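Data block for target.cif (mmCIF, C-alpha atoms):
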data_protein
loop_
_atom_site.label_atom_id
_atom_site.label_comp_id
_atom_site.auth_asym_id
_atom_site.auth_seq_id
_atom_site.Cartn_x
_atom_site.Cartn_y
_atom_site.Cartn_z
CA MET A 1 0.00 0.00 0.00
CA LEU A 2 2.99 2.32 0.44
CA LEU A 3 3.97 1.62 -3.16
CA PHE A 4 0.30 2.06 -4.09
CA ALA A 5 0.33 5.61 -2.67
CA ALA A 6 3.53 6.57 -4.49
CA LEU A 7 2.23 5.30 -7.83
CA ILE A 8 -1.19 6.93 -7.41
CA ALA A 9 0.46 10.26 -6.62
CA GLY A 10 2.38 10.14 -9.88
CA ALA A 11 -0.90 9.88 -11.79
CA PHE A 12 -2.04 13.27 -10.48
CA SER A 13 1.10 15.08 -11.59
CA ILE A 14 1.48 13.44 -14.97
CA GLY A 15 -2.27 13.36 -15.58
CA LYS A 16 -2.53 17.12 -15.11
CA GLN A 17 -0.31 17.61 -18.16
CA ALA A 18 -2.31 15.27 -20.40
CA ALA A 19 -5.87 15.97 -19.19
CA PRO A 20 -6.55 19.02 -21.43
CA LEU A 21 -5.25 17.23 -24.54
CA ILE A 22 -7.62 14.24 -24.79
CA ASP A 23 -11.13 13.26 -23.74
CA PRO A 24 -10.99 11.68 -20.24
CA ALA A 25 -13.16 8.71 -21.21
CA ALA A 26 -11.09 7.96 -24.33
CA LEU A 27 -7.86 8.19 -22.31
CA THR A 28 -9.28 5.86 -19.65
CA ALA A 29 -10.44 3.31 -22.22
CA VAL A 30 -7.00 3.18 -23.85
CA ARG A 31 -5.26 2.81 -20.49
CA PHE A 32 -7.51 -0.13 -19.61
CA LEU A 33 -6.81 -1.73 -23.00
CA CYS A 34 -3.06 -1.42 -22.42
CA ALA A 35 -3.41 -2.53 -18.80
CA LEU A 36 -5.32 -5.61 -19.93
CA GLY A 37 -2.36 -6.61 -22.09
CA VAL A 38 0.07 -6.00 -19.22
CA MET A 39 -2.00 -7.98 -16.74
CA GLY A 40 -2.59 -10.79 -19.25
CA ALA A 41 1.16 -11.07 -19.71
CA ALA A 42 1.65 -11.11 -15.94
CA VAL A 43 -0.83 -13.99 -15.59
CA MET A 44 1.04 -15.95 -18.27
CA VAL A 45 4.47 -15.29 -16.76
CA ALA A 46 3.22 -16.29 -13.30
CA ARG A 47 1.69 -19.42 -14.87
CA VAL A 48 -1.60 -18.79 -13.13
CA ARG A 49 -4.26 -21.01 -14.64
CA VAL A 50 -7.48 -19.26 -15.65
CA THR A 51 -10.43 -21.67 -15.57
CA ARG A 52 -14.14 -21.51 -16.34
CA VAL A 53 -14.81 -21.34 -12.61
CA HIS A 54 -13.05 -17.95 -12.47
CA ALA A 55 -15.39 -16.63 -15.17
CA LYS A 56 -18.54 -17.42 -13.22
CA ALA A 57 -20.77 -14.47 -12.37
CA PRO A 58 -19.03 -12.02 -14.75
CA TRP A 59 -21.32 -9.26 -13.50
CA ARG A 60 -18.95 -8.99 -10.52
CA TYR A 61 -16.17 -7.77 -12.78
CA LEU A 62 -18.48 -5.31 -14.50
CA ILE A 63 -19.45 -3.80 -11.14
CA LEU A 64 -15.87 -3.51 -9.90
CA GLY A 65 -14.61 -2.35 -13.28
CA GLY A 66 -17.38 0.21 -13.52
CA LEU A 67 -16.48 1.66 -10.12
CA MET A 68 -12.80 2.03 -10.98
CA GLY A 69 -13.52 3.19 -14.51
CA GLY A 70 -15.85 5.88 -13.20
CA TYR A 71 -13.20 7.02 -10.73
CA PHE A 72 -10.52 7.39 -13.43
CA VAL A 73 -12.79 9.18 -15.91
CA LEU A 74 -13.88 11.70 -13.28
CA MET A 75 -10.30 12.12 -12.09
CA PHE A 76 -9.06 13.27 -15.49
CA GLU A 77 -12.11 15.42 -16.04
CA ALA A 78 -11.32 17.08 -12.71
CA LEU A 79 -7.64 17.62 -13.55
CA LYS A 80 -8.63 19.87 -16.46
CA THR A 81 -9.35 22.64 -13.95
CA ALA A 82 -8.27 21.45 -10.49
CA GLN A 83 -4.71 21.41 -9.12
CA PRO A 84 -3.01 18.05 -8.40
CA VAL A 85 -2.47 18.80 -4.71
CA SER A 86 -6.13 19.70 -4.06
CA THR A 87 -7.46 16.69 -5.95
CA SER A 88 -5.04 14.40 -4.14
CA ALA A 89 -6.32 15.85 -0.86
CA ILE A 90 -9.85 14.85 -1.85
CA PHE A 91 -8.41 11.38 -2.46
CA THR A 92 -7.56 11.22 1.24
CA LEU A 93 -11.26 11.37 2.10
CA ILE A 94 -11.53 7.85 0.66
CA PRO A 95 -10.48 6.04 3.88
CA THR A 96 -13.34 7.64 5.82
CA MET A 97 -15.86 6.84 3.10
CA SER A 98 -14.37 3.36 2.62
CA ALA A 99 -14.70 2.65 6.34
CA GLY A 100 -18.37 3.59 6.13
CA PHE A 101 -18.96 1.35 3.14
CA GLY A 102 -16.98 -1.41 4.88
CA TRP A 103 -19.36 -1.24 7.82
CA LEU A 104 -22.44 -1.25 5.57
CA LEU A 105 -21.31 -4.12 3.35
CA MET A 106 -19.05 -6.22 5.56
CA ARG A 107 -19.95 -5.02 9.07
CA GLN A 108 -16.30 -4.13 9.59
CA ARG A 109 -15.90 -2.20 12.82
CA PHE A 110 -13.26 0.29 13.87
CA THR A 111 -12.01 1.22 17.31
CA PRO A 112 -12.51 4.73 18.69
CA VAL A 113 -8.81 5.38 17.98
CA ALA A 114 -9.28 4.47 14.33
CA GLN A 115 -12.38 6.65 14.12
CA LEU A 116 -10.38 9.52 15.60
CA ALA A 117 -7.67 9.00 13.00
CA LEU A 118 -10.19 9.05 10.16
CA GLY A 119 -11.63 12.28 11.55
CA ILE A 120 -8.20 13.93 11.80
CA GLY A 121 -7.38 12.83 8.27
CA ALA A 122 -10.66 14.25 6.97
CA ILE A 123 -9.98 17.61 8.66
CA GLY A 124 -6.50 17.73 7.16
CA ALA A 125 -7.85 16.88 3.72
CA ILE A 126 -10.52 19.57 3.90
CA TRP A 127 -7.89 22.11 4.99
CA VAL A 128 -5.80 21.31 1.89
CA ILE A 129 -8.80 21.15 -0.45
CA PHE A 130 -9.85 24.69 0.48
CA ARG A 131 -6.21 25.86 0.24
CA ALA A 132 -6.03 26.80 3.94
CA ASP A 133 -8.55 29.55 3.23
CA LEU A 134 -11.12 29.85 6.03
CA ASP A 135 -13.32 32.14 3.94
CA ALA A 136 -13.43 29.58 1.14
CA LEU A 137 -14.18 26.84 3.66
CA LEU A 138 -16.99 28.74 5.38
CA SER A 139 -18.57 29.65 2.05
CA LEU A 140 -18.03 26.09 0.72
CA ASP A 141 -16.19 27.57 -2.27
CA LEU A 142 -15.28 24.28 -3.90
CA GLY A 143 -14.10 24.33 -7.50
CA TYR A 144 -15.77 22.45 -10.36
CA GLY A 145 -12.88 20.03 -10.72
CA GLU A 146 -12.79 19.26 -7.01
CA THR A 147 -16.55 18.62 -6.98
CA ILE A 148 -16.32 16.23 -9.93
CA PHE A 149 -13.45 14.34 -8.35
CA PHE A 150 -15.31 13.97 -5.05
CA PHE A 151 -17.93 11.83 -6.78
CA GLY A 152 -15.16 9.78 -8.37
CA CYS A 153 -13.69 9.16 -4.93
CA ILE A 154 -17.04 7.83 -3.71
CA ALA A 155 -16.78 5.14 -6.40
CA HIS A 156 -13.19 4.38 -5.39
CA ALA A 157 -14.15 4.13 -1.71
CA LEU A 158 -16.91 1.65 -2.52
CA TYR A 159 -14.47 -0.47 -4.54
CA ALA A 160 -12.30 -1.56 -1.55
CA PRO A 161 -15.04 -3.32 0.48
CA MET A 162 -16.64 -4.67 -2.71
CA VAL A 163 -13.49 -6.69 -3.51
CA PRO A 164 -13.79 -9.12 -0.57
CA ARG A 165 -17.57 -9.02 -0.95
CA LEU A 166 -17.44 -10.24 -4.57
CA ASN A 167 -14.26 -12.34 -4.56
CA ARG A 168 -14.94 -16.08 -4.60
CA GLY A 169 -11.45 -17.33 -3.96
CA GLU A 170 -9.96 -16.31 -7.30
CA PRO A 171 -6.18 -15.64 -7.30
CA VAL A 172 -5.27 -11.95 -7.12
CA LEU A 173 -3.89 -11.83 -10.69
CA VAL A 174 -6.94 -13.57 -12.15
CA PHE A 175 -9.37 -11.38 -10.22
CA THR A 176 -7.44 -8.27 -11.32
CA LEU A 177 -7.54 -9.44 -14.93
CA GLY A 178 -11.30 -9.88 -14.69
CA THR A 179 -11.76 -6.47 -13.09
CA ILE A 180 -9.71 -4.70 -15.77
CA SER A 181 -11.70 -6.56 -18.44
CA GLY A 182 -14.93 -5.36 -16.84
CA ALA A 183 -13.61 -1.81 -16.68
CA LEU A 184 -12.64 -1.91 -20.35
CA VAL A 185 -16.13 -3.08 -21.35
CA VAL A 186 -17.94 -0.44 -19.27
CA VAL A 187 -15.67 2.50 -20.10
CA GLY A 188 -15.20 1.39 -23.72
CA LEU A 189 -18.92 1.42 -24.42
CA TYR A 190 -19.32 4.81 -22.74
CA ALA A 191 -16.28 6.30 -24.49
CA MET A 192 -16.89 4.92 -27.99
CA PRO A 193 -17.99 8.26 -29.52
CA ALA A 194 -14.94 10.02 -28.04
CA ILE A 195 -12.62 7.20 -29.15
CA LEU A 196 -13.86 7.47 -32.74
CA ALA A 197 -13.62 11.26 -32.71
CA THR A 198 -10.02 11.37 -31.42
CA ASP A 199 -7.15 11.89 -33.89
CA TRP A 200 -4.80 9.43 -32.23
CA SER A 201 -1.90 10.08 -34.62
CA ALA A 202 -1.84 13.80 -33.74
CA LEU A 203 -1.71 13.43 -29.96
CA PRO A 204 1.36 14.94 -28.21
CA ARG A 205 4.00 12.65 -26.72
CA ILE A 206 2.95 13.48 -23.15
CA VAL A 207 -0.40 11.78 -23.76
CA TRP A 208 1.26 8.50 -24.74
CA ILE A 209 3.69 8.76 -21.82
CA THR A 210 0.68 9.23 -19.56
CA VAL A 211 -1.12 6.25 -21.10
CA ALA A 212 1.94 4.05 -20.57
CA TYR A 213 2.39 5.16 -16.95
CA LEU A 214 -1.30 4.75 -16.15
CA ALA A 215 -1.60 1.35 -17.83
CA ILE A 216 1.49 -0.21 -16.27
CA PHE A 217 1.71 1.42 -12.86
CA THR A 218 -1.63 2.92 -11.83
CA THR A 219 -3.97 0.41 -13.46
CA ALA A 220 -2.43 -3.06 -13.60
CA GLY A 221 0.00 -2.35 -10.76
CA THR A 222 -2.31 -0.63 -8.31
CA PHE A 223 -5.23 -2.96 -9.06
CA ALA A 224 -3.09 -5.92 -8.01
CA LEU A 225 -1.65 -4.09 -4.99
CA LEU A 226 -5.08 -2.91 -3.83
CA GLN A 227 -6.74 -6.29 -4.20
CA PHE A 228 -3.84 -8.07 -2.48
CA ALA A 229 -4.20 -5.72 0.49
CA ALA A 230 -8.02 -5.63 0.50
CA LEU A 231 -8.16 -9.40 1.04
CA ARG A 232 -5.89 -9.10 4.10
CA LEU A 233 -6.75 -5.79 5.81
CA PRO A 234 -9.92 -3.93 6.85
CA SER A 235 -11.16 -1.51 4.17
CA GLY A 236 -10.37 1.63 6.15
CA LYS A 237 -6.80 0.53 6.88
CA VAL A 238 -6.24 -0.48 3.24
CA MET A 239 -7.10 3.01 2.10
CA ALA A 240 -5.26 4.67 4.99
CA TYR A 241 -2.11 4.65 2.90
CA GLY A 242 -3.94 7.00 0.55
CA TYR A 243 -3.24 9.64 3.20
CA LEU A 244 0.33 9.77 1.88
CA VAL A 245 -0.77 10.76 -1.63
CA PRO A 246 -0.90 14.58 -1.09
CA ALA A 247 2.61 14.54 0.38
CA PHE A 248 3.91 12.57 -2.59
CA VAL A 249 2.07 14.87 -5.02
CA ALA A 250 3.38 18.01 -3.32
CA PHE A 251 6.91 16.58 -3.58
CA TYR A 252 6.47 15.64 -7.25
CA GLU A 253 4.98 19.03 -8.12
CA GLY A 254 7.80 20.86 -6.36
CA MET A 255 10.46 18.78 -8.10
CA LEU A 256 8.77 19.38 -11.47
CA GLY A 257 8.99 23.12 -10.89
CA ASN A 258 5.25 23.65 -10.49
CA GLY A 259 5.59 25.26 -7.06
CA TRP A 260 5.47 24.08 -3.46
CA PRO A 261 2.39 24.35 -1.21
CA THR A 262 2.28 27.26 1.21
CA PRO A 263 3.25 26.60 4.85
CA PHE A 264 -0.41 26.81 5.89
CA VAL A 265 -1.35 24.09 3.41
CA TRP A 266 1.43 21.89 4.82
CA VAL A 267 -0.40 22.04 8.16
CA GLY A 268 -3.23 20.07 6.56
CA VAL A 269 -0.75 17.61 5.03
CA GLY A 270 0.74 17.16 8.51
CA LEU A 271 -2.67 16.31 9.97
CA ILE A 272 -3.20 13.77 7.20
CA PHE A 273 0.14 12.17 7.99
CA CYS A 274 -0.76 11.98 11.69
CA ALA A 275 -3.97 10.17 10.78
CA LEU A 276 -1.93 7.62 8.81
CA LEU A 277 0.37 6.95 11.75
CA ILE A 278 -2.56 6.50 14.14
CA LEU A 279 -4.26 4.02 11.78
CA LEU A 280 -1.11 2.03 11.14
CA LEU A 281 -0.28 1.78 14.83
CA GLY A 282 -3.82 0.70 15.67
CA LYS A 283 -4.84 -2.93 16.11
CA ASP A 284 -7.97 -3.04 13.96
#
Would you mind giving the structure from this file in structure tokens?
Amino acid sequence: MLLFAALIAGAFSIGKQAAPLIDPAALTAVRFLCALGVMGAAVMVARVRVTRVHAKAPWRYLILGGLMGGYFVLMFEALKTAQPVSTSAIFTLIPTMSAGFGWLLMRQRFTPVAQLALGIGAIGAIWVIFRADLDALLSLDLGYGETIFFFGCIAHALYAPMVPRLNRGEPVLVFTLGTISGALVVVGLYAMPAILATDWSALPRIVWITVAYLAIFTTAGTFALLQFAALRLPSGKVMAYGYLVPAFVAFYEGMLGNGWPTPFVWVGVGLIFCALLILLLGKD
């Protein structure tokens, strides 16, 4: 999950550069197509046998794929106008929402300490989202991109507890392959008009670099990492590592020359980091 956070953070910084240059749904469909090839190769290299039993109830993969596909489409739509640090801060609200969904779907319970950590993390995230501006917070001045991404994060939060709910003992690689296939079907059908309207040969290099990064690292890679962890940890703790994403994004953005957050914004990042430590040191 630590590697998961680092890879996810990279998607915000690199995605910001490509988001205005291609339709979000078309970009997401292509990344899932490439990720399917990567994951299929991984299954073959690992010599994991895919049987008819694994293909039972394919609607499970459509549900999980639809949730992740919706998250990615809304993420790149949001990055057209929102800044990477603020969107990554919204991402840190996922553990709180995921814990709620985990209780509803799996009756997973969290200790008072864990609940406190989730609350601290949410406060830190909100502080970063509103750019440490109390006036913006009190007036709920949330940008269009941030609003769009919030709904995407709801889908992502629901995904974590749905994995153990829908998994029937399939190996992680096979289940990931099925999920990516479901995502490709759902997003591909939705994005077909945009795919046909895109002049793929005229796209700038940064778009293809983004597609490669997303397909290899933040689709195939993070799907496998997330599902491996989701089968072994409570939903809220799985997503707790997402609290590190804003710190990674702030570091990436600073190193890329896009500016560092103000000291007041770092206060919110610090609260988020404290929430991570509390959750990781907890016993639930």
Need the neighbours of (-2.2, 6.0, -13.9): which residues are at most 10 Å away, counting all atoms listed in the file, as a PyMOL selection string?
chain A and resi 7-15+28+31-32+35+72+210-222
Between CA of Pro161 (chain A) and CA of Val48 (chain A) lies a distance of 24.6 Å
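CA of His156 (chain A) to CA of Leu196 (chain A) spans 27.5 Å [interatomic distance, one decimal].
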CA of Val172 (chain A) to CA of Gly188 (chain A) measures 23.5 Å
Across A:Leu226, A:Ala19, A:Val267, A:Val249, the smallest distance to Tyr159 (chain A), with only C-alpha atoms counted, is shown by A:Leu226
- Task: Rank A:Ala250, A:Met192, A:Val45, A:Leu116 by their smallest atom-to-atom distance to Ile278 (chain A), using all atoms listed in the file, and report the top residue only.
- Result: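 Selected residue with least distance to Ile278 (chain A): A:Leu116.
Neighbourhood of point (0.5, -12.9, -17.0): residues with an atom at most 12 Å away, counting all atoms listed in the file, are A:Ala35, A:Leu36, A:Gly37, A:Val38, A:Met39, A:Gly40, A:Ala41, A:Ala42, A:Val43, A:Met44, A:Val45, A:Ala46, A:Arg47, A:Val48, A:Arg49, A:Val50, A:Val172, A:Leu173, A:Val174, A:Thr176, A:Leu177, A:Ala220, A:Ala224.
Proximity of A:Ser98, A:Val85, A:Gly69, A:Phe175 to Val53 (chain A), computed with all atoms listed in the file, is greatest for A:Phe175.
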Leaving out Val185 (chain A) and any residue of its chain fewer than 2 positions from it, which residues lie within 10 Å of it when counting all atoms listed in the file, given as a list in words?
Ala29, Phe32, Leu33, Tyr61, Leu62, Gly65, Gly66, Gly69, Thr179, Ile180, Ser181, Gly182, Ala183, Val187, Gly188, Leu189, Tyr190 and Ala191 of chain A
request  = Could you state which residues are captured by the PyMOL selection byres ((chain A and resi 151) around 12) in this file, as a PyMOL selection string?
outcome  = chain A and resi 67-68+70-75+77-78+87+90-91+93-94+97+144-150+152-158
Using all atoms listed in the file: which of A:Ile206, A:Leu118, A:Ile63, A:Ala230 has the shortest distance to Leu280 (chain A)
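Using all atoms listed in the file, Leu280 (chain A) sits closest to A:Leu118.
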**OP:** Find the residues around Arg165 (chain A) up to 12 Å (all atoms listed in the file counted), leave out those fewer than 4 positions away in its own chain, and share them as number ranges by chain.
**Re:** A: 60-61, 63-64, 101-108, 158-161, 169, 227, 230-231, 235
Give the padded box for region 162-174 of chain A as JSON: axis-aligned, covering all atoms listed in the file, 5 Å on each side, centre and edge lengths in Å to one decimal.
{"center_x": -10.7, "center_y": -11.0, "center_z": -6.4, "size_x": 23.7, "size_y": 22.7, "size_z": 21.6}
message = So that I can see what lies close to Lys16 (chain A), please list as a ChimeraX atom specification the residues with an atom at most 9 Å from it, counting all atoms listed in the file and leaving out residues fewer than 6 positions away in the same chain.
response = /A:76,79-84
Need the shell around region 241-243 of chain A: protein/DNA/RNA residues with any atom at most 10 Å away, counting all atoms listed in the file. Skip same-chain ones fewer than 2 positions apart. Format as a count of residues only?
39
Quick one: everything within 12 Å of Trp200 (chain A), counting all atoms listed in the file, minus sequence neighbours fewer than 2 positions away in the same chain. Send it as a list of chain:residue names. A:Leu21, A:Ile22, A:Asp23, A:Ala26, A:Leu27, A:Val30, A:Ala194, A:Ile195, A:Leu196, A:Ala197, A:Thr198, A:Ala202, A:Leu203, A:Pro204, A:Arg205, A:Val207, A:Trp208
